[in-house]
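Following: one structure in structure tokens, then a few remarks.
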Amino acid sequence: MKQKSCILVTGASSGFGREVAVRLSANHPVIVHGRNRERLEETLAACNPAGKHLIWEFDLSDVNGIEESLGRFLSENNCAVGGFVHSAGYMKQLPLKVLTVDAFRQSFDVNVISAGMIAKVLMKRKVNRDALKSVVFISSNVSNFGVKAFGAYAASKSAVDGLMRCLAVELAPAVRVNSVLPGGVRTAMTEQIYRNEDVAQKADAAYPLGTGMPADIAGAVGFLLSDDARWITGQQLFVDGGRTVNITI
Ligand SMILES: NC(=O)c1ccc[n+]([C@@H]2O[C@H](COP(=O)([O-])OP(=O)(O)OC[C@H]3O[C@@H](n4cnc5c(N)ncnc54)[C@H](OP(=O)(O)O)[C@@H]3O)[C@@H](O)[C@H]2O)c1
């Protein structure tokens, strides 16, 4: 007998993923994913204690192992996934002259290929029993714009948005697929960038709505997963405090 459908959140050991998992745990069992059990336990400790939440520990660099690992995890735990949020991400600032094939591959493995392979598992009737209803990929506002030294990362985010649009068409009407495109928010991923006071001040000035928080991203994800978004699919939702419409000099 299957339980109430779960929400799978990758990258739930930190930043946006953790915020999303904690928020959604109010109404759903969540599967929190990451590589570090201690940080995943911290996320679970902040989740609604009434829910039966689970940990899926897996390194998404191993893209060839995703189907087996996730399929086995879902069967062993007898759970069906109704919502999938891909927040796990790899970002390294690399100017072209130091860009490596390995860094390119890591960006694509974690940010794109794993998103597609997880979606594939969740669409297997024998594994997930047609439970999947909504998918949200955490992309980035650099998916559509240019930033120095972000080539590999931005290319992977544009790719995940391409995947999002194709899956939105392919999986309709059963499943809605959308992306959230955050602007810069202080998390473990961006800590080093914001440590530079000058950069931090310039960055904040560029955001008409001021500084964003992980909760701002989680709110948008919660909306896209919910039935309030029942006629929305294939869309990029910018959540960046107006950063990308600000052309003030
Ligand atoms: N923060 C921003 O300003 C910003 C802006 C735009 C988009 N984003 C996107 O938002 C998403 C979340 O980023 P964040 O800011 O919340 O970063 P974060 O706090 O550093 O969290 C990143 C998460 O990804 C997981 N992860 C990284 N590599 C992994 C791998 N190989 N296998 C499994 N899990 C892996 C990490 O798990 P471990 O605990 O195992 O390391 C962690 O849970 C990312 O996709 C990022 O590209 C962030």
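Simple scheme: letters A, B, ... for chains in structure tokens order, numbers from 1 for residues in each chain, numbers from 1 for ligands in the order shown.
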Discussion item. Among range 17-140 of chain A, which ones does DSSP assign to strand (DSSP E) (computed from the backbone)? Answer as a PyMOL selection string.
Written reply: chain A and resi 30-34+54-57+81-86+134-138
What are the nearest atom pairs, with distances in Å to one decimal, for all residues of chain A that come at most 6 Å from ligand 1, using only C-alpha atoms and all ligand atoms, set out by chain and rising residue number as JSON lines?
```
{"residue": "A:Gly11", "atom": "CA", "partner": "ligand 1", "partner_atom_place_in_ligand_line": "43 (O)", "distance": 3.1}
{"residue": "A:Ala12", "atom": "CA", "partner": "ligand 1", "partner_atom_place_in_ligand_line": "43 (O)", "distance": 4.8}
{"residue": "A:Ser13", "atom": "CA", "partner": "ligand 1", "partner_atom_place_in_ligand_line": "43 (O)", "distance": 4.0}
{"residue": "A:Ser14", "atom": "CA", "partner": "ligand 1", "partner_atom_place_in_ligand_line": "19 (O)", "distance": 4.2}
{"residue": "A:Gly15", "atom": "CA", "partner": "ligand 1", "partner_atom_place_in_ligand_line": "16 (O)", "distance": 3.2}
{"residue": "A:Phe16", "atom": "CA", "partner": "ligand 1", "partner_atom_place_in_ligand_line": "16 (O)", "distance": 3.9}
{"residue": "A:Gly17", "atom": "CA", "partner": "ligand 1", "partner_atom_place_in_ligand_line": "16 (O)", "distance": 5.7}
{"residue": "A:Gly34", "atom": "CA", "partner": "ligand 1", "partner_atom_place_in_ligand_line": "40 (O)", "distance": 4.2}
{"residue": "A:Arg35", "atom": "CA", "partner": "ligand 1", "partner_atom_place_in_ligand_line": "40 (O)", "distance": 3.4}
{"residue": "A:Asn36", "atom": "CA", "partner": "ligand 1", "partner_atom_place_in_ligand_line": "40 (O)", "distance": 4.7}
{"residue": "A:Phe58", "atom": "CA", "partner": "ligand 1", "partner_atom_place_in_ligand_line": "33 (C)", "distance": 5.9}
{"residue": "A:Asp59", "atom": "CA", "partner": "ligand 1", "partner_atom_place_in_ligand_line": "32 (N)", "distance": 3.7}
{"residue": "A:Leu60", "atom": "CA", "partner": "ligand 1", "partner_atom_place_in_ligand_line": "32 (N)", "distance": 3.8}
{"residue": "A:Ser61", "atom": "CA", "partner": "ligand 1", "partner_atom_place_in_ligand_line": "31 (N)", "distance": 4.6}
{"residue": "A:Ser87", "atom": "CA", "partner": "ligand 1", "partner_atom_place_in_ligand_line": "11 (C)", "distance": 4.4}
{"residue": "A:Ala88", "atom": "CA", "partner": "ligand 1", "partner_atom_place_in_ligand_line": "24 (O)", "distance": 3.3}
{"residue": "A:Gly89", "atom": "CA", "partner": "ligand 1", "partner_atom_place_in_ligand_line": "45 (O)", "distance": 3.5}
{"residue": "A:Tyr90", "atom": "CA", "partner": "ligand 1", "partner_atom_place_in_ligand_line": "28 (N)", "distance": 5.2}
{"residue": "A:Val110", "atom": "CA", "partner": "ligand 1", "partner_atom_place_in_ligand_line": "31 (N)", "distance": 5.6}
{"residue": "A:Ile138", "atom": "CA", "partner": "ligand 1", "partner_atom_place_in_ligand_line": "45 (O)", "distance": 5.2}
{"residue": "A:Ser139", "atom": "CA", "partner": "ligand 1", "partner_atom_place_in_ligand_line": "7 (C)", "distance": 5.5}
{"residue": "A:Ser140", "atom": "CA", "partner": "ligand 1", "partner_atom_place_in_ligand_line": "7 (C)", "distance": 4.0}
{"residue": "A:Pro182", "atom": "CA", "partner": "ligand 1", "partner_atom_place_in_ligand_line": "6 (C)", "distance": 4.4}
{"residue": "A:Gly183", "atom": "CA", "partner": "ligand 1", "partner_atom_place_in_ligand_line": "5 (C)", "distance": 4.9}
{"residue": "A:Gly184", "atom": "CA", "partner": "ligand 1", "partner_atom_place_in_ligand_line": "3 (O)", "distance": 3.3}
{"residue": "A:Val185", "atom": "CA", "partner": "ligand 1", "partner_atom_place_in_ligand_line": "3 (O)", "distance": 3.7}
{"residue": "A:Arg186", "atom": "CA", "partner": "ligand 1", "partner_atom_place_in_ligand_line": "1 (N)", "distance": 5.6}
{"residue": "A:Thr187", "atom": "CA", "partner": "ligand 1", "partner_atom_place_in_ligand_line": "15 (O)", "distance": 4.7}
{"residue": "A:Ala188", "atom": "CA", "partner": "ligand 1", "partner_atom_place_in_ligand_line": "19 (O)", "distance": 4.3}
{"residue": "A:Met189", "atom": "CA", "partner": "ligand 1", "partner_atom_place_in_ligand_line": "20 (O)", "distance": 3.7}
{"residue": "A:Thr190", "atom": "CA", "partner": "ligand 1", "partner_atom_place_in_ligand_line": "1 (N)", "distance": 5.4}
```
Discussion item. When you count only C-alpha atoms, which of these residues is closest to Ser143 in chain A: A:Phe73, A:Pro95, A:Ile193, A:Gln236?
Written reply: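 Residue with the minimum atom-to-atom distance to Ser143 in chain A: A:Gln236.
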Discussion item. With DSSP run on the backbone, what are the alpha helix (DSSP H) residues within range 107-238 of chain A? I'd like them as number ranges by chain.
Written reply: A: 107-108, 114-122, 125-128, 151-171, 191-195, 197-205, 214-225
Fill in: Distance in Å - CA of Gly222 in chain A versus CA of Ser25 in chain A
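Interatomic distance, CA of Gly222 in chain A to CA of Ser25 in chain A: 10.9 Å.
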Residues at most 12 Å from Ser75 in chain A, counting only C-alpha atoms, excluding those fewer than 2 positions away in the same chain, as an mmCIF file with N, CA and C atoms, in the first residue's frame?
```
data_model
loop_
_atom_site.group_PDB
_atom_site.id
_atom_site.type_symbol
_atom_site.label_atom_id
_atom_site.label_comp_id
_atom_site.auth_asym_id
_atom_site.auth_seq_id
_atom_site.Cartn_x
_atom_site.Cartn_y
_atom_site.Cartn_z
ATOM 1 N N MET A 1 0.846 -1.204 0.000
ATOM 2 C CA MET A 1 0.000 0.000 0.000
ATOM 3 C C MET A 1 0.887 1.262 0.000
ATOM 4 N N LYS A 2 0.710 2.165 -0.989
ATOM 5 C CA LYS A 2 1.516 3.389 -1.044
ATOM 6 C C LYS A 2 0.984 4.424 -0.054
ATOM 7 N N GLU A 68 19.383 3.348 -10.980
ATOM 8 C CA GLU A 68 19.398 2.189 -10.073
ATOM 9 C C GLU A 68 19.186 2.645 -8.626
ATOM 10 N N SER A 69 19.925 3.677 -8.224
ATOM 11 C CA SER A 69 19.871 4.107 -6.825
ATOM 12 C C SER A 69 18.488 4.652 -6.441
ATOM 13 N N LEU A 70 17.952 5.530 -7.275
ATOM 14 C CA LEU A 70 16.655 6.131 -6.921
ATOM 15 C C LEU A 70 15.521 5.103 -7.041
ATOM 16 N N GLY A 71 15.601 4.263 -8.077
ATOM 17 C CA GLY A 71 14.566 3.231 -8.244
ATOM 18 C C GLY A 71 14.528 2.318 -7.028
ATOM 19 N N ARG A 72 15.710 1.894 -6.584
ATOM 20 C CA ARG A 72 15.786 0.998 -5.419
ATOM 21 C C ARG A 72 15.299 1.716 -4.157
ATOM 22 N N PHE A 73 15.708 2.964 -4.005
ATOM 23 C CA PHE A 73 15.313 3.747 -2.824
ATOM 24 C C PHE A 73 13.783 3.854 -2.720
ATOM 25 N N ASN A 77 11.493 1.947 0.166
ATOM 26 C CA ASN A 77 10.753 2.788 1.117
ATOM 27 C C ASN A 77 9.266 2.864 0.801
ATOM 28 N N ASN A 78 8.850 2.165 -0.257
ATOM 29 C CA ASN A 78 7.447 2.099 -0.636
ATOM 30 C C ASN A 78 6.810 3.492 -0.727
ATOM 31 N N CYS A 79 7.509 4.399 -1.407
ATOM 32 C CA CYS A 79 6.923 5.739 -1.510
ATOM 33 C C CYS A 79 6.830 6.188 -2.962
ATOM 34 N N ALA A 80 5.835 7.018 -3.212
ATOM 35 C CA ALA A 80 5.609 7.560 -4.548
ATOM 36 C C ALA A 80 5.856 9.069 -4.489
ATOM 37 N N VAL A 81 6.457 9.592 -5.549
ATOM 38 C CA VAL A 81 6.842 11.009 -5.571
ATOM 39 C C VAL A 81 5.873 11.799 -6.448
ATOM 40 N N VAL A 121 13.231 8.399 -13.965
ATOM 41 C CA VAL A 121 12.865 7.382 -12.956
ATOM 42 C C VAL A 121 11.449 7.643 -12.440
ATOM 43 N N LEU A 122 11.148 8.907 -12.199
ATOM 44 C CA LEU A 122 9.851 9.247 -11.603
ATOM 45 C C LEU A 122 8.687 9.038 -12.570
ATOM 46 N N LYS A 124 8.589 6.291 -14.462
ATOM 47 C CA LYS A 124 8.430 4.840 -14.657
ATOM 48 C C LYS A 124 7.223 4.367 -13.858
ATOM 49 N N ARG A 125 6.241 3.832 -14.572
ATOM 50 C CA ARG A 125 4.993 3.437 -13.907
ATOM 51 C C ARG A 125 5.230 2.409 -12.794
ATOM 52 N N LYS A 126 6.111 1.441 -13.063
ATOM 53 C CA LYS A 126 6.352 0.383 -12.070
ATOM 54 C C LYS A 126 7.011 0.935 -10.805
ATOM 55 N N VAL A 127 7.790 1.992 -10.971
ATOM 56 C CA VAL A 127 8.519 2.549 -9.829
ATOM 57 C C VAL A 127 7.664 3.585 -9.105
ATOM 58 N N ASN A 128 7.033 4.481 -9.880
ATOM 59 C CA ASN A 128 6.380 5.633 -9.231
ATOM 60 C C ASN A 128 4.866 5.693 -9.444
ATOM 61 N N ARG A 129 4.329 4.711 -10.134
ATOM 62 C CA ARG A 129 2.868 4.520 -10.278
ATOM 63 C C ARG A 129 2.092 5.779 -10.668
#
```
